[in-house]
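**Q** Structure: final_22.cif, mmCIF, N, CA, C and O atoms.
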```cif
data_work
#
loop_
_atom_site.label_atom_id
_atom_site.label_comp_id
_atom_site.auth_asym_id
_atom_site.auth_seq_id
_atom_site.Cartn_x
_atom_site.Cartn_y
_atom_site.Cartn_z
N MET A 56 -3.69 33.96 243.07
CA MET A 56 -3.93 33.86 241.65
C MET A 56 -2.62 33.63 240.89
O MET A 56 -2.65 32.99 239.86
N ILE A 57 -1.54 34.17 241.38
CA ILE A 57 -0.28 34.03 240.66
C ILE A 57 0.27 32.62 240.83
O ILE A 57 0.70 32.00 239.86
N PHE A 58 0.27 32.09 242.05
CA PHE A 58 0.87 30.80 242.30
C PHE A 58 -0.06 29.63 241.99
O PHE A 58 0.39 28.56 241.61
N TYR A 59 -1.36 29.82 242.19
CA TYR A 59 -2.36 28.76 241.95
C TYR A 59 -3.49 29.32 241.07
O TYR A 59 -4.58 29.63 241.57
N PRO A 60 -3.26 29.45 239.77
CA PRO A 60 -4.27 30.09 238.92
C PRO A 60 -5.56 29.29 238.80
O PRO A 60 -6.64 29.88 238.68
N MET A 61 -5.51 27.97 238.83
CA MET A 61 -6.74 27.18 238.71
C MET A 61 -7.65 27.36 239.92
O MET A 61 -8.86 27.39 239.80
N THR A 62 -7.05 27.52 241.09
CA THR A 62 -7.84 27.79 242.29
C THR A 62 -8.52 29.14 242.18
O THR A 62 -9.68 29.30 242.54
N GLY A 63 -7.81 30.12 241.65
CA GLY A 63 -8.39 31.45 241.46
C GLY A 63 -9.51 31.46 240.44
O GLY A 63 -10.54 32.11 240.64
N VAL A 64 -9.34 30.72 239.35
CA VAL A 64 -10.38 30.64 238.33
C VAL A 64 -11.61 29.93 238.89
O VAL A 64 -12.75 30.32 238.64
N GLY A 65 -11.39 28.89 239.68
CA GLY A 65 -12.51 28.19 240.32
C GLY A 65 -13.25 29.08 241.29
O GLY A 65 -14.49 29.05 241.36
N THR A 66 -12.53 29.91 242.04
CA THR A 66 -13.16 30.83 242.98
C THR A 66 -13.98 31.89 242.25
O THR A 66 -15.10 32.20 242.65
N VAL A 67 -13.42 32.43 241.18
CA VAL A 67 -14.16 33.42 240.38
C VAL A 67 -15.40 32.78 239.77
O VAL A 67 -16.47 33.40 239.73
N GLY A 68 -15.29 31.53 239.32
CA GLY A 68 -16.45 30.83 238.78
C GLY A 68 -17.54 30.63 239.81
O GLY A 68 -18.72 30.81 239.52
N LEU A 69 -17.16 30.28 241.04
CA LEU A 69 -18.14 30.11 242.10
C LEU A 69 -18.81 31.43 242.46
O LEU A 69 -20.02 31.50 242.65
N LEU A 70 -18.02 32.49 242.53
CA LEU A 70 -18.59 33.80 242.82
C LEU A 70 -19.54 34.26 241.72
O LEU A 70 -20.59 34.85 242.00
N LEU A 71 -19.19 34.00 240.48
CA LEU A 71 -20.09 34.37 239.38
C LEU A 71 -21.36 33.53 239.39
O LEU A 71 -22.43 34.04 239.05
N GLY A 72 -21.26 32.27 239.76
CA GLY A 72 -22.46 31.45 239.89
C GLY A 72 -23.41 32.01 240.93
O GLY A 72 -24.62 32.10 240.72
N ILE A 73 -22.86 32.42 242.07
CA ILE A 73 -23.68 33.04 243.12
C ILE A 73 -24.26 34.35 242.63
O ILE A 73 -25.43 34.66 242.88
N TYR A 74 -23.46 35.14 241.91
CA TYR A 74 -23.96 36.41 241.36
C TYR A 74 -25.13 36.18 240.41
O TYR A 74 -26.12 36.92 240.46
N PHE A 75 -25.03 35.17 239.55
CA PHE A 75 -26.10 34.94 238.59
C PHE A 75 -27.38 34.47 239.28
O PHE A 75 -28.48 34.80 238.84
N PHE A 76 -27.26 33.71 240.36
CA PHE A 76 -28.45 33.34 241.13
C PHE A 76 -29.10 34.58 241.75
O PHE A 76 -30.32 34.74 241.71
N MET A 77 -28.29 35.46 242.32
CA MET A 77 -28.83 36.67 242.91
C MET A 77 -29.45 37.57 241.83
O MET A 77 -30.50 38.18 242.05
N ASP A 78 -28.82 37.64 240.68
CA ASP A 78 -29.36 38.43 239.56
C ASP A 78 -30.69 37.87 239.08
O ASP A 78 -31.61 38.62 238.76
N SER A 79 -30.80 36.56 239.06
CA SER A 79 -32.06 35.96 238.61
C SER A 79 -33.18 36.20 239.62
O SER A 79 -34.31 36.48 239.23
N PHE A 80 -32.88 36.13 240.91
CA PHE A 80 -33.91 36.40 241.91
C PHE A 80 -34.37 37.86 241.83
O PHE A 80 -35.56 38.15 241.93
N ALA A 81 -33.43 38.78 241.62
CA ALA A 81 -33.80 40.18 241.47
C ALA A 81 -34.60 40.39 240.18
O ALA A 81 -35.55 41.17 240.16
N GLY A 82 -34.22 39.69 239.12
CA GLY A 82 -34.96 39.81 237.86
C GLY A 82 -36.37 39.26 237.96
O GLY A 82 -37.31 39.85 237.40
N PHE A 83 -36.53 38.15 238.66
CA PHE A 83 -37.88 37.60 238.85
C PHE A 83 -38.75 38.56 239.66
O PHE A 83 -39.91 38.78 239.34
N SER A 84 -38.18 39.15 240.71
CA SER A 84 -38.97 40.09 241.51
C SER A 84 -39.32 41.34 240.71
O SER A 84 -40.43 41.87 240.83
N LEU A 85 -38.39 41.81 239.88
CA LEU A 85 -38.68 42.97 239.03
C LEU A 85 -39.75 42.64 238.00
O LEU A 85 -40.66 43.43 237.76
N ALA A 86 -39.66 41.46 237.40
CA ALA A 86 -40.64 41.06 236.39
C ALA A 86 -42.03 40.95 236.99
O ALA A 86 -43.01 41.41 236.39
N PHE A 87 -42.14 40.35 238.16
CA PHE A 87 -43.46 40.19 238.76
C PHE A 87 -44.00 41.50 239.33
O PHE A 87 -45.21 41.67 239.43
N SER A 88 -43.12 42.43 239.70
CA SER A 88 -43.61 43.73 240.14
C SER A 88 -44.06 44.60 238.97
O SER A 88 -44.87 45.49 239.13
N MET A 89 -43.52 44.33 237.77
CA MET A 89 -43.91 45.06 236.56
C MET A 89 -45.03 44.37 235.79
O MET A 89 -45.42 44.86 234.73
N LYS A 90 -45.57 43.27 236.29
CA LYS A 90 -46.43 42.39 235.51
C LYS A 90 -47.59 43.08 234.78
O LYS A 90 -47.84 42.76 233.63
N PRO A 91 -48.30 44.01 235.33
CA PRO A 91 -49.39 44.58 234.54
C PRO A 91 -48.90 45.45 233.37
O PRO A 91 -49.63 45.65 232.41
N THR A 92 -47.67 45.95 233.44
CA THR A 92 -47.19 46.81 232.37
C THR A 92 -46.60 46.00 231.22
O THR A 92 -46.33 44.81 231.35
N LYS A 93 -46.41 46.69 230.13
CA LYS A 93 -45.85 46.05 228.94
C LYS A 93 -44.35 45.83 229.15
O LYS A 93 -43.66 46.67 229.70
N GLY A 94 -43.84 44.71 228.69
CA GLY A 94 -42.42 44.43 228.76
C GLY A 94 -41.98 43.61 229.97
O GLY A 94 -40.79 43.36 230.14
N TRP A 95 -42.92 43.20 230.81
CA TRP A 95 -42.53 42.43 231.99
C TRP A 95 -42.01 41.05 231.60
O TRP A 95 -41.15 40.50 232.28
N PHE A 96 -42.52 40.51 230.50
CA PHE A 96 -42.12 39.17 230.09
C PHE A 96 -40.65 39.13 229.67
O PHE A 96 -39.97 38.12 229.89
N LEU A 97 -40.15 40.21 229.12
CA LEU A 97 -38.74 40.26 228.73
C LEU A 97 -37.83 40.18 229.96
O LEU A 97 -36.80 39.52 229.94
N TRP A 98 -38.24 40.83 231.05
CA TRP A 98 -37.47 40.74 232.29
C TRP A 98 -37.56 39.34 232.87
O TRP A 98 -36.60 38.85 233.48
N PHE A 99 -38.71 38.69 232.69
CA PHE A 99 -38.85 37.32 233.15
C PHE A 99 -37.91 36.39 232.39
O PHE A 99 -37.25 35.53 232.97
N VAL A 100 -37.82 36.56 231.08
CA VAL A 100 -36.91 35.76 230.25
C VAL A 100 -35.47 36.03 230.64
O VAL A 100 -34.65 35.10 230.74
N ASN A 101 -35.14 37.29 230.90
CA ASN A 101 -33.78 37.64 231.32
C ASN A 101 -33.44 36.97 232.65
O ASN A 101 -32.34 36.45 232.83
N ALA A 102 -34.39 36.96 233.58
CA ALA A 102 -34.16 36.30 234.87
C ALA A 102 -34.01 34.79 234.70
O ALA A 102 -33.19 34.15 235.37
N PHE A 103 -34.79 34.22 233.79
CA PHE A 103 -34.67 32.78 233.52
C PHE A 103 -33.29 32.44 232.96
O PHE A 103 -32.67 31.46 233.37
N PHE A 104 -32.79 33.25 232.03
CA PHE A 104 -31.46 33.01 231.48
C PHE A 104 -30.38 33.18 232.54
O PHE A 104 -29.39 32.44 232.55
N SER A 105 -30.55 34.14 233.43
CA SER A 105 -29.58 34.30 234.52
C SER A 105 -29.58 33.08 235.44
O SER A 105 -28.53 32.63 235.88
N MET A 106 -30.76 32.54 235.70
CA MET A 106 -30.85 31.32 236.52
C MET A 106 -30.18 30.15 235.81
O MET A 106 -29.45 29.38 236.43
N LEU A 107 -30.41 30.03 234.52
CA LEU A 107 -29.79 28.96 233.74
C LEU A 107 -28.27 29.08 233.74
O LEU A 107 -27.56 28.08 233.90
N ILE A 108 -27.77 30.28 233.59
CA ILE A 108 -26.32 30.50 233.61
C ILE A 108 -25.75 30.16 234.99
O ILE A 108 -24.69 29.54 235.10
N GLY A 109 -26.45 30.55 236.05
CA GLY A 109 -26.01 30.20 237.40
C GLY A 109 -25.96 28.71 237.62
O GLY A 109 -25.02 28.19 238.22
N VAL A 110 -26.96 27.99 237.11
CA VAL A 110 -26.97 26.53 237.23
C VAL A 110 -25.80 25.93 236.45
O VAL A 110 -25.14 25.00 236.93
N LEU A 111 -25.53 26.46 235.26
CA LEU A 111 -24.40 25.94 234.47
C LEU A 111 -23.07 26.15 235.18
O LEU A 111 -22.17 25.30 235.10
N PHE A 112 -22.92 27.28 235.85
CA PHE A 112 -21.70 27.51 236.61
C PHE A 112 -21.56 26.52 237.75
O PHE A 112 -20.48 25.97 237.98
N ILE A 113 -22.63 26.30 238.50
CA ILE A 113 -22.55 25.45 239.68
C ILE A 113 -22.41 23.98 239.31
O ILE A 113 -21.67 23.24 239.96
N VAL A 114 -23.10 23.53 238.26
CA VAL A 114 -23.06 22.10 237.89
C VAL A 114 -21.65 21.68 237.45
O VAL A 114 -21.17 20.63 237.84
N GLY A 115 -21.01 22.50 236.66
CA GLY A 115 -19.70 22.11 236.14
C GLY A 115 -18.53 22.64 236.94
O GLY A 115 -17.38 22.52 236.50
N TRP A 116 -18.79 23.27 238.07
CA TRP A 116 -17.74 23.88 238.85
C TRP A 116 -16.78 22.84 239.39
O TRP A 116 -17.22 21.78 239.78
N PRO A 117 -15.51 23.02 239.43
CA PRO A 117 -14.64 24.12 239.04
C PRO A 117 -14.08 24.00 237.63
O PRO A 117 -13.46 24.91 237.13
N PHE A 118 -14.32 22.86 236.97
CA PHE A 118 -13.66 22.61 235.68
C PHE A 118 -14.24 23.45 234.55
O PHE A 118 -13.55 23.79 233.61
N SER A 119 -15.52 23.76 234.63
CA SER A 119 -16.13 24.53 233.56
C SER A 119 -15.90 26.03 233.72
O SER A 119 -16.24 26.81 232.84
N SER A 120 -15.31 26.44 234.83
CA SER A 120 -15.10 27.87 235.08
C SER A 120 -14.15 28.50 234.08
O SER A 120 -14.23 29.70 233.82
N ILE A 121 -13.27 27.71 233.50
CA ILE A 121 -12.26 28.26 232.61
C ILE A 121 -12.91 28.91 231.39
O ILE A 121 -12.59 30.04 231.03
N TYR A 122 -13.84 28.23 230.76
CA TYR A 122 -14.44 28.79 229.54
C TYR A 122 -15.77 29.49 229.81
O TYR A 122 -16.19 30.33 229.03
N LEU A 123 -16.43 29.18 230.91
CA LEU A 123 -17.73 29.79 231.18
C LEU A 123 -17.63 31.23 231.63
O LEU A 123 -18.56 32.00 231.43
N ILE A 124 -16.53 31.60 232.23
CA ILE A 124 -16.42 32.96 232.76
C ILE A 124 -16.60 33.99 231.65
O ILE A 124 -17.47 34.86 231.73
N GLY A 125 -15.87 33.89 230.60
CA GLY A 125 -15.98 34.87 229.52
C GLY A 125 -17.23 34.70 228.68
O GLY A 125 -17.90 35.67 228.33
N LEU A 126 -17.55 33.46 228.36
CA LEU A 126 -18.68 33.19 227.46
C LEU A 126 -20.01 33.59 228.07
O LEU A 126 -20.79 34.34 227.49
N LEU A 127 -20.30 33.11 229.26
CA LEU A 127 -21.62 33.33 229.84
C LEU A 127 -21.78 34.71 230.44
O LEU A 127 -22.89 35.24 230.48
N VAL A 128 -20.71 35.31 230.90
CA VAL A 128 -20.81 36.70 231.35
C VAL A 128 -21.15 37.59 230.17
O VAL A 128 -21.97 38.51 230.27
N GLY A 129 -20.59 37.31 229.01
CA GLY A 129 -20.94 38.06 227.81
C GLY A 129 -22.39 37.87 227.41
O GLY A 129 -23.08 38.83 227.04
N PHE A 130 -22.90 36.65 227.48
CA PHE A 130 -24.31 36.40 227.18
C PHE A 130 -25.22 37.14 228.15
O PHE A 130 -26.23 37.72 227.76
N SER A 131 -24.86 37.12 229.42
CA SER A 131 -25.68 37.80 230.43
C SER A 131 -25.71 39.30 230.18
O SER A 131 -26.77 39.93 230.27
N LEU A 132 -24.57 39.88 229.88
CA LEU A 132 -24.54 41.32 229.60
C LEU A 132 -25.34 41.65 228.35
O LEU A 132 -26.01 42.69 228.29
N PHE A 133 -25.33 40.77 227.36
CA PHE A 133 -26.11 40.99 226.14
C PHE A 133 -27.61 40.99 226.46
O PHE A 133 -28.34 41.90 226.04
N PHE A 134 -28.09 40.00 227.20
CA PHE A 134 -29.51 39.93 227.53
C PHE A 134 -29.93 41.06 228.47
O PHE A 134 -31.04 41.59 228.34
N ASP A 135 -29.06 41.45 229.40
CA ASP A 135 -29.38 42.59 230.26
C ASP A 135 -29.51 43.87 229.44
O ASP A 135 -30.41 44.67 229.68
N GLY A 136 -28.63 44.06 228.49
CA GLY A 136 -28.68 45.25 227.64
C GLY A 136 -29.94 45.30 226.79
O GLY A 136 -30.58 46.35 226.65
N ILE A 137 -30.30 44.16 226.20
CA ILE A 137 -31.53 44.11 225.39
C ILE A 137 -32.74 44.42 226.25
O ILE A 137 -33.63 45.19 225.85
N SER A 138 -32.80 43.85 227.45
CA SER A 138 -33.93 44.11 228.36
C SER A 138 -34.01 45.58 228.74
O SER A 138 -35.10 46.17 228.76
N LEU A 139 -32.88 46.20 229.02
CA LEU A 139 -32.89 47.61 229.38
C LEU A 139 -33.29 48.49 228.21
O LEU A 139 -34.04 49.46 228.38
N LEU A 140 -32.82 48.17 227.01
CA LEU A 140 -33.20 48.97 225.83
C LEU A 140 -34.69 48.87 225.55
O LEU A 140 -35.35 49.88 225.28
N VAL A 141 -35.24 47.68 225.59
CA VAL A 141 -36.67 47.51 225.31
C VAL A 141 -37.52 48.17 226.39
O VAL A 141 -38.49 48.86 226.08
N THR A 142 -37.15 47.98 227.64
CA THR A 142 -37.91 48.60 228.73
C THR A 142 -37.83 50.12 228.66
O THR A 142 -38.82 50.82 228.87
N GLY A 143 -36.66 50.65 228.34
CA GLY A 143 -36.52 52.10 228.19
C GLY A 143 -37.37 52.65 227.06
O GLY A 143 -37.99 53.72 227.19
N SER A 144 -37.44 51.95 225.94
CA SER A 144 -38.26 52.44 224.83
C SER A 144 -39.74 52.33 225.17
O SER A 144 -40.54 53.19 224.77
N ILE A 145 -40.14 51.32 225.93
CA ILE A 145 -41.54 51.19 226.36
C ILE A 145 -41.91 52.34 227.29
O ILE A 145 -42.96 52.97 227.13
N PHE A 146 -41.06 52.64 228.26
CA PHE A 146 -41.36 53.73 229.20
C PHE A 146 -41.31 55.08 228.50
O PHE A 146 -42.03 56.00 228.89
N LYS A 147 -40.47 55.22 227.49
CA LYS A 147 -40.40 56.47 226.75
C LYS A 147 -41.71 56.69 225.99
O LYS A 147 -42.22 57.82 225.93
N LYS A 148 -42.26 55.63 225.41
CA LYS A 148 -43.54 55.74 224.71
C LYS A 148 -44.68 56.01 225.68
O LYS A 148 -45.65 56.67 225.32
N MET A 149 -44.58 55.50 226.91
CA MET A 149 -45.65 55.70 227.89
C MET A 149 -45.70 57.15 228.38
O MET A 149 -46.77 57.63 228.74
N THR A 150 -44.57 57.83 228.41
CA THR A 150 -44.54 59.20 228.94
C THR A 150 -44.93 60.23 227.89
O THR A 150 -45.18 61.37 228.23
N LYS A 151 -44.97 59.86 226.64
CA LYS A 151 -45.34 60.83 225.59
C LYS A 151 -46.81 61.04 225.51
O LYS A 151 -47.66 60.36 225.83
#
```
Output the structure of this file as structure tokens.

**A**
Amino acid sequence: MIFYPMTGVGTVGLLLGIYFFMDSFAGFSLAFSMKPTKGWFLWFVNAFFSMLIGVLFIVGWPFSSIYLIGLLVGFSLFFDGISLLVTGSIFKKMTK
């Protein structure tokens, strides 16, 4: 990373692309396992956005890794947080 920073950024971009694909597959399986309950569609949308982000990483790799690392990781964390908050409030209402 010190001597060849562009190679390091490209490697991190490729690893994040693989991570987003794995996150989307896990999100799809979670959404379909929750399907009869309320809030499953939000997990499906979250998985779709993770798949889209993974595709964006892989299509533009390695040149797009410079700006996509910070931008899209932030978007993914935002959508994951919203999904967790909504699902938590739904389950909290179900237990009362």

**Q** Considering only N, CA, C and O atoms, can you say which of A:Leu127, A:Leu69, A:Pro91, A:Met77 comes closest to Ile113 in chain A?

**A**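 Looking only at the distances to Ile113 in chain A, the closest residue turns out to be A:Leu69.
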
**Q** Kindly give the distance, in Å, that separates atom N of Thr142 in chain A and CA of Gly94 in chain A, rounded to a single decimal.

**A**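 Computing it gives 6.5 Å between the two atoms.
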
**Q** Taking only N, CA, C and O atoms into account, which of A:Trp95, A:Pro117, A:Leu85, A:Phe75 comes nearest Thr62 in chain A?

**A** A:Pro117

**Q** Expressed in Å to a single decimal, how great is the separation between atom C of Ser138 in chain A and atom O of Val114 in chain A?

**A**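 A separation of 29.5 Å between them.
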
**Q** Return as a CSV table (one decimal) with N, CA, C and O atoms, keeping the file's coordinate frame the set of residues that the PyMOL selection byres ((chain A and resi 120) around 7) yields on the displayed structure.

**A**
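Done, and the output landed in selection25.csv:
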```csv
chain,number,residue,atom,x,y,z
A,64,VAL,N,-9.3,30.7,239.4
A,64,VAL,CA,-10.4,30.6,238.3
A,64,VAL,C,-11.6,29.9,238.9
A,64,VAL,O,-12.8,30.3,238.6
A,65,GLY,N,-11.4,28.9,239.7
A,65,GLY,CA,-12.5,28.2,240.3
A,65,GLY,C,-13.2,29.1,241.3
A,65,GLY,O,-14.5,29.0,241.4
A,67,VAL,N,-13.4,32.4,241.2
A,67,VAL,CA,-14.2,33.4,240.4
A,67,VAL,C,-15.4,32.8,239.8
A,67,VAL,O,-16.5,33.4,239.7
A,68,GLY,N,-15.3,31.5,239.3
A,68,GLY,CA,-16.4,30.8,238.8
A,68,GLY,C,-17.5,30.6,239.8
A,68,GLY,O,-18.7,30.8,239.5
A,69,LEU,N,-17.2,30.3,241.0
A,69,LEU,CA,-18.1,30.1,242.1
A,69,LEU,C,-18.8,31.4,242.5
A,69,LEU,O,-20.0,31.5,242.6
A,111,LEU,N,-25.5,26.5,235.3
A,111,LEU,CA,-24.4,25.9,234.5
A,111,LEU,C,-23.1,26.2,235.2
A,111,LEU,O,-22.2,25.3,235.1
A,112,PHE,N,-22.9,27.3,235.8
A,112,PHE,CA,-21.7,27.5,236.6
A,112,PHE,C,-21.6,26.5,237.8
A,112,PHE,O,-20.5,26.0,238.0
A,115,GLY,N,-21.0,22.5,236.7
A,115,GLY,CA,-19.7,22.1,236.1
A,115,GLY,C,-18.5,22.6,236.9
A,115,GLY,O,-17.4,22.5,236.5
A,116,TRP,N,-18.8,23.3,238.1
A,116,TRP,CA,-17.7,23.9,238.8
A,116,TRP,C,-16.8,22.8,239.4
A,116,TRP,O,-17.2,21.8,239.8
A,117,PRO,N,-15.5,23.0,239.4
A,117,PRO,CA,-14.6,24.1,239.0
A,117,PRO,C,-14.1,24.0,237.6
A,117,PRO,O,-13.5,24.9,237.1
A,118,PHE,N,-14.3,22.9,237.0
A,118,PHE,CA,-13.7,22.6,235.7
A,118,PHE,C,-14.2,23.4,234.6
A,118,PHE,O,-13.6,23.8,233.6
A,119,SER,N,-15.5,23.8,234.6
A,119,SER,CA,-16.1,24.5,233.6
A,119,SER,C,-15.9,26.0,233.7
A,119,SER,O,-16.2,26.8,232.8
A,121,ILE,N,-13.3,27.7,233.5
A,121,ILE,CA,-12.3,28.3,232.6
A,121,ILE,C,-12.9,28.9,231.4
A,121,ILE,O,-12.6,30.0,231.0
A,122,TYR,N,-13.8,28.2,230.8
A,122,TYR,CA,-14.4,28.8,229.5
A,122,TYR,C,-15.8,29.5,229.8
A,122,TYR,O,-16.2,30.3,229.0
A,123,LEU,N,-16.4,29.2,230.9
A,123,LEU,CA,-17.7,29.8,231.2
A,123,LEU,C,-17.6,31.2,231.6
A,123,LEU,O,-18.6,32.0,231.4
A,124,ILE,N,-16.5,31.6,232.2
A,124,ILE,CA,-16.4,33.0,232.8
A,124,ILE,C,-16.6,34.0,231.6
A,124,ILE,O,-17.5,34.9,231.7
A,125,GLY,N,-15.9,33.9,230.6
A,125,GLY,CA,-16.0,34.9,229.5
A,125,GLY,C,-17.2,34.7,228.7
A,125,GLY,O,-17.9,35.7,228.3
```

**Q** In Å, how far is it from atom N of Met56 in chain A to atom C of Ser105 in chain A?

**A**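 Between atom N of Met56 in chain A and atom C of Ser105 in chain A the gap works out to 27.0 Å.
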
**Q** Carefully work through the PyMOL selection byres ((chain A and resi 82) around 7) for this structure and note down the residues it includes, as a list in words.

**A** Phe76, Met77, Asp78, Ser79, Phe80, Ala81, Phe83, Ser84, Leu85, Ala86, Phe87, Ser88, Trp95, Trp98, Phe99, Asn101, Ala102 and Phe103 of chain A

**Q** From a backbone DSSP assignment, name each residue in chain A labelled alpha helix (DSSP H), as a ChimeraX atom specification.

**A** /A:60-88,95-114,120-150

**Q** Using only C-alpha atoms, which residue out of A:Ile108, A:Met61, A:Val100, A:Leu139 lies closest to Tyr74 in chain A?

**A** A:Ile108

**Q** Of the candidates A:Ile137, A:Ile145, A:Leu126, A:Ile57, which shows the shortest atom-to-atom distance to Leu97 in chain A, using only N, CA, C and O atoms?

**A**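 Result for the nearest residue to Leu97 in chain A: A:Ile137.
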
**Q** Looking at only C-alpha atoms, which of A:Lys93, A:Met106, A:Val128, A:Gly63 is the one that sits closest to Lys148 in chain A?

**A** A:Lys93

**Q** Counting only N, CA, C and O atoms, figure out which residue out of A:Met89, A:Ser144, A:Phe104, A:Lys151 gets nearest to Phe130 in chain A.

**A** A:Phe104
